[in-house]
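Source file: final.csv. Holds: CSV, C-alpha atoms and all ligand atoms.
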```
chain,number,residue,atom,x,y,z
A,188,MET,CA,-18.5,10.1,-11.4
A,189,ALA,CA,-17.8,6.3,-11.3
A,190,LEU,CA,-17.6,4.8,-7.8
A,191,ARG,CA,-14.1,3.8,-6.7
A,192,SER,CA,-14.2,0.4,-5.1
A,193,LYS,CA,-12.3,0.3,-1.8
A,194,LEU,CA,-8.9,-1.5,-1.6
A,195,ILE,CA,-7.6,-3.1,1.6
A,196,ALA,CA,-3.9,-3.9,1.2
A,197,GLY,CA,-1.7,-5.9,3.6
A,198,ASN,CA,1.9,-5.0,3.8
A,199,TRP,CA,3.5,-7.9,5.6
A,200,LYS,CA,6.9,-6.1,5.6
A,201,MET,CA,9.8,-8.4,6.7
A,202,ASN,CA,7.5,-10.9,8.4
A,203,GLY,CA,6.6,-14.4,7.7
A,204,LEU,CA,8.3,-17.7,7.4
A,205,ARG,CA,6.8,-20.3,5.1
A,206,ALA,CA,4.4,-22.1,7.5
A,207,PRO,CA,2.8,-19.2,9.2
A,208,GLY,CA,2.9,-17.1,6.0
A,209,LEU,CA,1.0,-19.8,4.1
A,210,ALA,CA,-1.4,-20.3,6.9
A,211,LEU,CA,-2.2,-16.6,6.9
A,212,ALA,CA,-2.6,-16.5,3.1
A,213,ARG,CA,-4.9,-19.6,3.2
A,214,ASP,CA,-7.0,-18.2,6.0
A,215,ILE,CA,-7.6,-14.9,4.2
A,216,ALA,CA,-8.2,-16.7,0.8
A,217,ALA,CA,-10.8,-19.0,2.4
A,218,ARG,CA,-12.7,-16.1,3.8
A,219,ALA,CA,-12.6,-14.2,0.5
A,220,ALA,CA,-13.7,-17.3,-1.4
A,221,ALA,CA,-16.5,-18.1,1.0
A,222,GLY,CA,-18.3,-14.7,0.9
A,223,SER,CA,-18.2,-11.7,-1.3
A,224,PRO,CA,-15.6,-9.4,0.3
A,225,ALA,CA,-16.7,-5.8,0.9
A,226,CYS,CA,-13.7,-4.5,-1.0
A,227,ASP,CA,-10.8,-5.4,-3.3
A,228,LEU,CA,-8.0,-7.2,-1.4
A,229,LEU,CA,-4.2,-7.2,-1.9
A,230,VAL,CA,-1.5,-9.0,0.0
A,231,CYS,CA,2.1,-8.0,-0.2
A,232,PRO,CA,4.3,-10.7,1.4
A,233,PRO,CA,8.1,-10.7,1.6
A,234,ALA,CA,9.8,-11.7,-1.6
A,235,THR,CA,10.6,-15.2,-0.4
A,236,LEU,CA,6.9,-15.9,0.0
A,237,VAL,CA,5.5,-14.2,-3.1
A,238,ILE,CA,5.1,-17.4,-5.2
A,239,LEU,CA,3.9,-19.6,-2.4
A,240,VAL,CA,1.3,-17.0,-1.3
A,241,GLY,CA,0.3,-16.5,-4.9
A,242,GLU,CA,-0.5,-20.2,-5.1
A,243,ALA,CA,-2.4,-20.1,-1.8
A,244,ILE,CA,-4.6,-17.3,-2.9
A,245,ALA,CA,-5.2,-18.4,-6.5
A,246,GLY,CA,-8.8,-18.2,-7.5
A,247,SER,CA,-9.8,-16.2,-4.3
A,248,GLY,CA,-9.9,-12.9,-6.1
A,249,ILE,CA,-7.1,-11.5,-3.8
A,250,ALA,CA,-4.4,-9.7,-5.6
A,251,LEU,CA,-0.7,-10.2,-5.0
A,252,GLY,CA,2.0,-7.5,-4.6
A,253,GLY,CA,5.7,-7.1,-4.0
A,254,GLN,CA,7.1,-4.6,-1.5
A,255,ASP,CA,9.8,-3.0,-3.6
A,256,CYS,CA,11.5,-3.4,-7.0
A,257,HIS,CA,14.7,-2.3,-8.7
A,258,PRO,CA,14.5,0.2,-11.5
A,259,LYS,CA,16.3,-2.1,-13.9
A,260,GLU,CA,14.8,-5.1,-15.6
A,261,ASN,CA,17.8,-7.4,-14.8
A,262,GLY,CA,21.5,-7.2,-14.3
A,263,ALA,CA,24.3,-7.1,-11.7
A,264,CYS,CA,22.2,-5.9,-8.7
A,265,THR,CA,22.9,-8.4,-6.0
A,266,GLY,CA,20.0,-8.9,-3.6
A,267,ASP,CA,17.5,-7.0,-5.7
A,268,VAL,CA,14.3,-8.0,-7.4
A,269,SER,CA,13.0,-6.5,-10.6
A,270,ALA,CA,9.4,-5.5,-11.5
A,271,GLU,CA,9.5,-8.1,-14.3
A,272,MET,CA,10.4,-10.8,-11.7
A,273,LEU,CA,7.5,-9.8,-9.5
A,274,LYS,CA,5.2,-9.9,-12.5
A,275,ASP,CA,6.5,-13.3,-13.5
A,276,ALA,CA,5.9,-14.5,-9.9
A,277,GLY,CA,2.3,-13.6,-10.2
A,278,CYS,CA,2.2,-10.0,-8.8
A,279,SER,CA,-0.1,-7.3,-10.1
A,280,HIS,CA,1.0,-4.6,-7.7
A,281,VAL,CA,4.2,-3.4,-6.0
A,282,ILE,CA,4.6,-1.1,-3.1
A,283,LEU,CA,7.1,1.7,-3.8
A,284,GLY,CA,8.5,4.5,-1.8
A,285,HIS,CA,7.5,3.2,1.6
A,286,SER,CA,8.9,5.4,4.4
A,287,GLU,CA,10.9,2.5,5.7
A,288,ARG,CA,12.7,2.4,2.4
A,289,ARG,CA,12.9,6.2,2.1
A,290,SER,CA,14.4,6.6,5.5
A,291,GLY,CA,16.1,3.2,6.0
A,292,CYS,CA,17.5,2.7,2.5
A,293,GLY,CA,18.0,6.3,1.4
A,294,GLU,CA,15.4,6.3,-1.3
A,295,THR,CA,14.8,9.7,-2.8
A,296,ASP,CA,11.8,10.8,-4.8
A,297,ALA,CA,14.0,10.3,-7.9
A,298,THR,CA,14.7,6.7,-6.8
A,299,VAL,CA,11.0,6.1,-6.3
A,300,ASN,CA,10.2,7.7,-9.6
A,301,ALA,CA,12.5,5.4,-11.5
A,302,LYS,CA,11.0,2.4,-9.7
A,303,VAL,CA,7.5,3.4,-10.6
A,304,ALA,CA,8.5,3.7,-14.2
A,305,ALA,CA,9.9,0.2,-13.9
A,306,ALA,CA,6.7,-1.1,-12.4
A,307,TRP,CA,4.7,0.4,-15.2
A,308,ARG,CA,7.1,-1.1,-17.8
A,309,ALA,CA,6.4,-4.5,-16.3
A,310,GLY,CA,2.7,-4.0,-16.3
A,311,LEU,CA,2.4,-3.6,-12.5
A,312,THR,CA,0.2,-1.2,-10.6
A,313,ALA,CA,2.5,1.0,-8.3
A,314,VAL,CA,1.3,1.6,-4.8
A,315,VAL,CA,3.2,4.7,-4.1
A,316,CYS,CA,3.7,5.8,-0.4
A,317,VAL,CA,4.0,9.4,0.8
A,318,GLY,CA,3.8,10.9,4.2
A,319,GLU,CA,5.4,13.5,6.5
A,320,THR,CA,7.5,13.0,9.6
A,321,ARG,CA,6.3,14.1,13.1
A,322,ALA,CA,8.7,17.1,12.9
A,323,GLU,CA,7.3,18.1,9.5
A,324,ARG,CA,3.7,17.9,10.7
A,325,GLU,CA,4.6,20.0,13.8
A,326,ALA,CA,6.2,22.6,11.5
A,327,GLY,CA,3.0,22.9,9.5
A,328,LEU,CA,4.7,21.3,6.5
A,329,ALA,CA,2.6,18.1,6.0
A,330,THR,CA,0.8,19.2,2.9
A,331,ALA,CA,3.9,20.7,1.3
A,332,VAL,CA,5.9,17.5,2.0
A,333,VAL,CA,3.2,15.2,0.6
A,334,SER,CA,2.7,17.4,-2.5
A,335,ALA,CA,6.4,17.5,-3.2
A,336,GLN,CA,6.8,13.7,-2.7
A,337,LEU,CA,3.9,13.1,-5.1
A,338,SER,CA,5.2,15.3,-7.8
A,339,GLY,CA,8.8,14.0,-7.4
A,340,SER,CA,7.8,10.3,-7.2
A,341,LEU,CA,5.4,10.0,-10.1
A,342,PRO,CA,6.7,9.8,-13.7
A,343,ALA,CA,4.4,11.1,-16.5
A,344,GLY,CA,1.8,8.6,-17.5
A,345,ALA,CA,0.0,7.9,-14.3
A,346,THR,CA,-3.6,6.7,-14.6
A,347,ALA,CA,-6.2,5.4,-12.2
A,348,ASP,CA,-5.3,1.9,-13.4
A,349,ASN,CA,-1.5,1.9,-13.0
A,350,LEU,CA,-1.3,3.9,-9.7
A,351,VAL,CA,-2.6,3.7,-6.1
A,352,VAL,CA,-1.3,6.3,-3.7
A,353,ALA,CA,-1.0,5.6,0.0
A,354,TYR,CA,-0.8,8.4,2.5
A,355,GLU,CA,1.2,7.1,5.4
A,356,PRO,CA,2.4,9.6,8.0
A,357,VAL,CA,5.7,8.3,9.2
A,358,TRP,CA,4.8,9.0,12.8
A,359,ALA,CA,1.7,7.0,12.6
A,360,ILE,CA,3.4,3.8,11.3
A,361,GLY,CA,3.5,1.1,13.9
A,362,THR,CA,3.0,3.6,16.7
A,363,GLY,CA,-0.8,3.2,17.4
A,364,LEU,CA,-1.1,6.9,16.6
A,365,THR,CA,-3.2,8.2,13.8
A,366,PRO,CA,-3.9,11.7,12.5
A,367,THR,CA,-7.3,13.2,13.2
A,368,LEU,CA,-10.0,12.4,10.7
A,369,ASP,CA,-9.9,16.1,9.6
A,370,ASP,CA,-6.2,15.8,9.0
A,371,ILE,CA,-6.5,12.7,6.9
A,372,ALA,CA,-9.3,14.2,4.9
A,373,ALA,CA,-7.3,17.4,4.3
A,374,ILE,CA,-4.3,15.6,3.0
A,375,HIS,CA,-6.4,13.3,0.8
A,376,ALA,CA,-8.2,16.3,-0.6
A,377,VAL,CA,-4.9,17.9,-1.6
A,378,MET,CA,-3.7,14.6,-3.1
A,379,ARG,CA,-6.9,14.3,-5.1
A,380,THR,CA,-6.2,17.5,-6.9
A,381,ALA,CA,-2.8,16.3,-7.9
A,382,LEU,CA,-3.7,12.8,-9.2
A,383,PRO,CA,-5.5,11.5,-12.3
A,384,PRO,CA,-9.3,11.3,-11.8
A,385,GLN,CA,-10.5,8.2,-10.0
A,386,THR,CA,-7.0,7.3,-8.6
A,387,ARG,CA,-7.4,5.2,-5.5
A,388,MET,CA,-5.9,6.8,-2.4
A,389,LEU,CA,-5.3,4.7,0.7
A,390,TYR,CA,-4.6,5.7,4.2
A,391,GLY,CA,-1.9,3.8,6.1
A,392,GLY,CA,-0.5,4.0,9.6
A,393,SER,CA,-1.9,2.1,12.7
A,394,VAL,CA,-5.1,1.0,11.0
A,395,ASN,CA,-6.8,-1.6,13.1
A,396,PRO,CA,-10.3,-3.1,13.4
A,397,GLY,CA,-11.2,-0.4,16.0
A,398,ASN,CA,-10.4,2.6,13.8
A,399,ALA,CA,-10.9,1.3,10.3
A,400,ARG,CA,-14.6,2.1,9.9
A,401,GLU,CA,-14.3,5.8,10.7
A,402,ILE,CA,-11.2,6.3,8.5
A,403,LEU,CA,-12.7,4.4,5.6
A,404,SER,CA,-15.9,6.4,5.8
A,405,LEU,CA,-14.0,9.5,4.7
A,406,GLY,CA,-15.0,10.4,1.2
A,407,ASP,CA,-11.6,10.6,-0.4
A,408,VAL,CA,-10.2,7.5,1.5
A,409,ASP,CA,-10.5,4.6,-0.9
A,410,GLY,CA,-9.0,2.0,1.3
A,411,ALA,CA,-6.1,1.2,3.7
A,412,LEU,CA,-2.6,0.0,3.6
A,413,VAL,CA,-2.3,-2.1,6.6
A,414,GLY,CA,0.9,-3.2,8.3
A,415,GLY,CA,0.8,-5.0,11.7
A,416,ALA,CA,-2.9,-5.8,11.6
A,417,SER,CA,-2.5,-7.5,8.2
A,418,LEU,CA,-0.5,-10.3,9.9
A,419,LYS,CA,-3.6,-11.5,11.8
A,420,ALA,CA,-6.3,-12.9,9.6
A,421,ASP,CA,-9.1,-11.9,12.0
A,422,ASP,CA,-7.9,-8.3,12.1
A,423,PHE,CA,-7.2,-8.0,8.4
A,424,TRP,CA,-10.6,-9.4,7.6
A,425,ALA,CA,-12.3,-7.1,10.2
A,426,ILE,CA,-10.7,-4.1,8.4
A,427,ALA,CA,-11.9,-5.4,5.1
A,428,GLU,CA,-15.4,-5.8,6.5
A,429,ALA,CA,-15.3,-2.3,7.8
A,430,CYS,CA,-15.7,-1.2,4.1
A,431,ARG,CA,-19.3,-2.4,4.1
B,1,LIG,P1,1.1,-0.3,10.6
B,1,LIG,O1,-0.3,-0.6,10.1
B,1,LIG,O2,1.8,-1.4,11.3
B,1,LIG,O3,1.2,1.0,11.3
B,1,LIG,O4,2.0,-0.1,9.3
B,1,LIG,C1,1.5,0.7,8.3
B,1,LIG,C2,2.4,0.6,7.1
B,1,LIG,O5,3.5,1.0,7.1
B,1,LIG,C3,1.8,-0.1,5.9
B,1,LIG,O6,2.6,0.1,4.8
```
Go through the file and emit its structure as structure tokens.
Amino acid sequence: MALRSKLIAGNWKMNGLRAPGLALARDIAARAAAGSPACDLLVCPPATLVILVGEAIAGSGIALGGQDCHPKENGACTGDVSAEMLKDAGCSHVILGHSERRSGCGETDATVNAKVAAAWRAGLTAVVCVGETRAEREAGLATAVVSAQLSGSLPAGATADNLVVAYEPVWAIGTGLTPTLDDIAAIHAVMRTALPPQTRMLYGGSVNPGNAREILSLGDVDGALVGGASLKADDFWAIAEACR
């Protein structure tokens, strides 16, 4: 079985004005260019910074991603960004189905499915997020919820090249809470059976320099999708180094 290289992805969410965003991107790019990173790296800035950050990380080996896209290629969709636009702006990846969009913007599995299809049409790798709420976990439904989200959110045609899946329990995002290592391993094992061979599966939710190494040492965890800690170069880099 080929070894899956680890991927550490930073989801900046709705954070970053030009000056601090550029400084963060340049800092990470300089570290990546100076040494050989222990993993693949991806940064997903807000849409306003995608082109600027892309210029700042050019040549560093760090990949660039968007945080969402519209299912359509173009048209009368005020405020939206298409997968083709992200590709044109230099992106190779796009995060889709993040719980903040599922809960805050009413995205269903069907919505996410259509967006993944759009990402693939544009030649982007979709980073598809799944994860249960606190109530669902307490009701013993975590595995069922994640399995249903996966089957509903993925169109036919998934491959290890066009898809990354991120398991992000809703209750672990931005809270400082994380599932037990056994719980992370259990969900990842179930996801592994549902995905094409060698698909990279990330864990996301309160990953920080203190807990990254033990989470990343789990056999089926192929990296991390990092929120808050991706906004500090030192922390993001420490998490990347934890892949060694
Ligand atoms: P935090 O790392 O801030 O918990 O966010 C995780 C996340 O939502 C990444 O997409």
Write out as a PyMOL selection string the residues lying within 8 Å of segment 314-319 of chain A, counting only C-alpha atoms and excluding same-chain residues fewer than 5 positions away.
chain A and resi 280-286+303+324+328-329+332-333+336-337+340+350-358
Here atom CA of Arg191 of chain A and atom CA of Gln385 of chain A stand apart by 6.6 Å
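Each of A:Glu287, A:Glu323, A:Asp267, A:Asp296 was checked against ligand LIG 1 (chain B) using all atoms listed in the file; the smallest atom-to-atom distance is that of A:Glu287.
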Within 9 Å of ligand LIG 1 (chain B): each chain A residue with its shortest pair, all atoms listed in the file, as a Markdown table:
```
| residue | atom | partner | partner_atom | distance |
| --- | --- | --- | --- | --- |
| A:Ala196 | CA | B:LIG1 | C3 | 8.3 |
| A:Gly197 | CA | B:LIG1 | C3 | 7.2 |
| A:Asn198 | CA | B:LIG1 | O6 | 5.2 |
| A:Trp199 | CA | B:LIG1 | C3 | 8.0 |
| A:Lys200 | CA | B:LIG1 | O6 | 7.6 |
| A:Ile282 | CA | B:LIG1 | O6 | 8.2 |
| A:His285 | CA | B:LIG1 | O6 | 6.6 |
| A:Ser286 | CA | B:LIG1 | O5 | 7.5 |
| A:Glu287 | CA | B:LIG1 | O5 | 7.7 |
| A:Cys316 | CA | B:LIG1 | O6 | 7.8 |
| A:Ala353 | CA | B:LIG1 | O6 | 8.1 |
| A:Glu355 | CA | B:LIG1 | O5 | 6.7 |
| A:Pro356 | CA | B:LIG1 | O5 | 8.7 |
| A:Val357 | CA | B:LIG1 | O5 | 7.9 |
| A:Trp358 | CA | B:LIG1 | O3 | 8.9 |
| A:Ala359 | CA | B:LIG1 | O3 | 6.2 |
| A:Ile360 | CA | B:LIG1 | O3 | 3.6 |
| A:Gly361 | CA | B:LIG1 | O3 | 3.5 |
| A:Thr362 | CA | B:LIG1 | O3 | 6.3 |
| A:Gly363 | CA | B:LIG1 | O3 | 6.8 |
| A:Leu364 | CA | B:LIG1 | O3 | 8.3 |
| A:Thr365 | CA | B:LIG1 | O3 | 8.8 |
| A:Tyr390 | CA | B:LIG1 | C3 | 8.8 |
| A:Gly391 | CA | B:LIG1 | C1 | 5.1 |
| A:Gly392 | CA | B:LIG1 | O3 | 3.8 |
| A:Ser393 | CA | B:LIG1 | O3 | 3.6 |
| A:Val394 | CA | B:LIG1 | O1 | 5.1 |
| A:Asn395 | CA | B:LIG1 | O1 | 7.2 |
| A:Ala411 | CA | B:LIG1 | C3 | 8.3 |
| A:Leu412 | CA | B:LIG1 | C3 | 5.0 |
| A:Val413 | CA | B:LIG1 | O1 | 4.3 |
| A:Gly414 | CA | B:LIG1 | O1 | 3.4 |
| A:Gly415 | CA | B:LIG1 | O2 | 3.8 |
| A:Ala416 | CA | B:LIG1 | O1 | 6.0 |
| A:Ser417 | CA | B:LIG1 | O1 | 7.5 |
```
What is the distance between atom CA of Thr298 of chain A and atom CA of Gly208 of chain A, in Å to one decimal?
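It comes out at 29.5 Å.
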Which is closest to Met378 of chain A among A:Ser223, A:Glu260, A:Val408, A:Cys430, if we use all atoms listed in the file?
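The shortest atom-to-atom distance to Met378 of chain A comes from A:Val408.
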Could you jot down the atom CA of Thr386 of chain A to atom CA of Gly248 of chain A separation for me, Å, one decimal place?
20.6 Å
Mind checking which residues fall within 9 Å of Ser247 of chain A, counting all atoms listed in the file, ignoring those fewer than 3 positions away in the same chain, and posting them as a list in words?
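The filter keeps Ile215, Ala216, Ala217, Arg218, Ala219, Ala220, Ala221, Ala243, Ile244 and Ala250 of chain A.
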Selected residues written out, C-alpha atoms, as a JSON list (two decimals), keeping the file's coordinate frame:
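Below is the file that was written, out_0.json:
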```json
[["chain", "number", "residue", "atom", "x", "y", "z"],
["A", 215, "ILE", "CA", -7.60, -14.90, 4.20],
["A", 216, "ALA", "CA", -8.20, -16.70, 0.80],
["A", 217, "ALA", "CA", -10.80, -19.00, 2.40],
["A", 218, "ARG", "CA", -12.70, -16.10, 3.80],
["A", 219, "ALA", "CA", -12.60, -14.20, 0.50],
["A", 220, "ALA", "CA", -13.70, -17.30, -1.40],
["A", 221, "ALA", "CA", -16.50, -18.10, 1.00],
["A", 243, "ALA", "CA", -2.40, -20.10, -1.80],
["A", 244, "ILE", "CA", -4.60, -17.30, -2.90],
["A", 250, "ALA", "CA", -4.40, -9.70, -5.60]]
```
Applying 12 Å and only C-alpha atoms, which residues near Cys256 of chain A remain after dropping the ones on its own chain fewer than 4 positions away? List them as a PyMOL selection string.
chain A and resi 233-234+252+260-261+264+266-274+278+280-285+288+294+298-309+311+313-315
Show me, as an MDAnalysis selection string, the residues that have an atom within 10 Å of Leu204 of chain A when counting only C-alpha atoms, minus same-chain residues fewer than 5 positions from it.
chainID A and resid 209 233 235:236
Selection near Pro384 of chain A, 12 Å with all atoms listed in the file, sequence-local residues under 4 positions removed, as a PyMOL selection string
chain A and resi 188-191+345-348+350-351+378-380+388+407
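Remark: for Ala343 of chain A, the closest of the candidate residues A:Leu418, A:Pro383, A:Ile238, A:Arg205 is A:Pro383 (distances computed over all atoms listed in the file).
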Counting all atoms listed in the file, the option among A:Gly291, A:Pro342, A:Gly222, A:Pro232 closest to Gly253 of chain A:
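Closest to Gly253 of chain A, using all atoms listed in the file: A:Pro232.
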Go through A:Thr320, A:Thr330, A:Thr295, A:Ser404 one by one, measure the shortest atom-to-atom distance of each to Ile374 of chain A using only C-alpha atoms, and give the residue with the smallest value.
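The shortest atom-to-atom distance to Ile374 of chain A comes from A:Thr330.
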With all atoms listed in the file as the basis for distance, which of A:Glu401, A:Asp255, A:Glu325, A:Asp409 is at the shortest distance from Ala376 of chain A?
A:Asp409
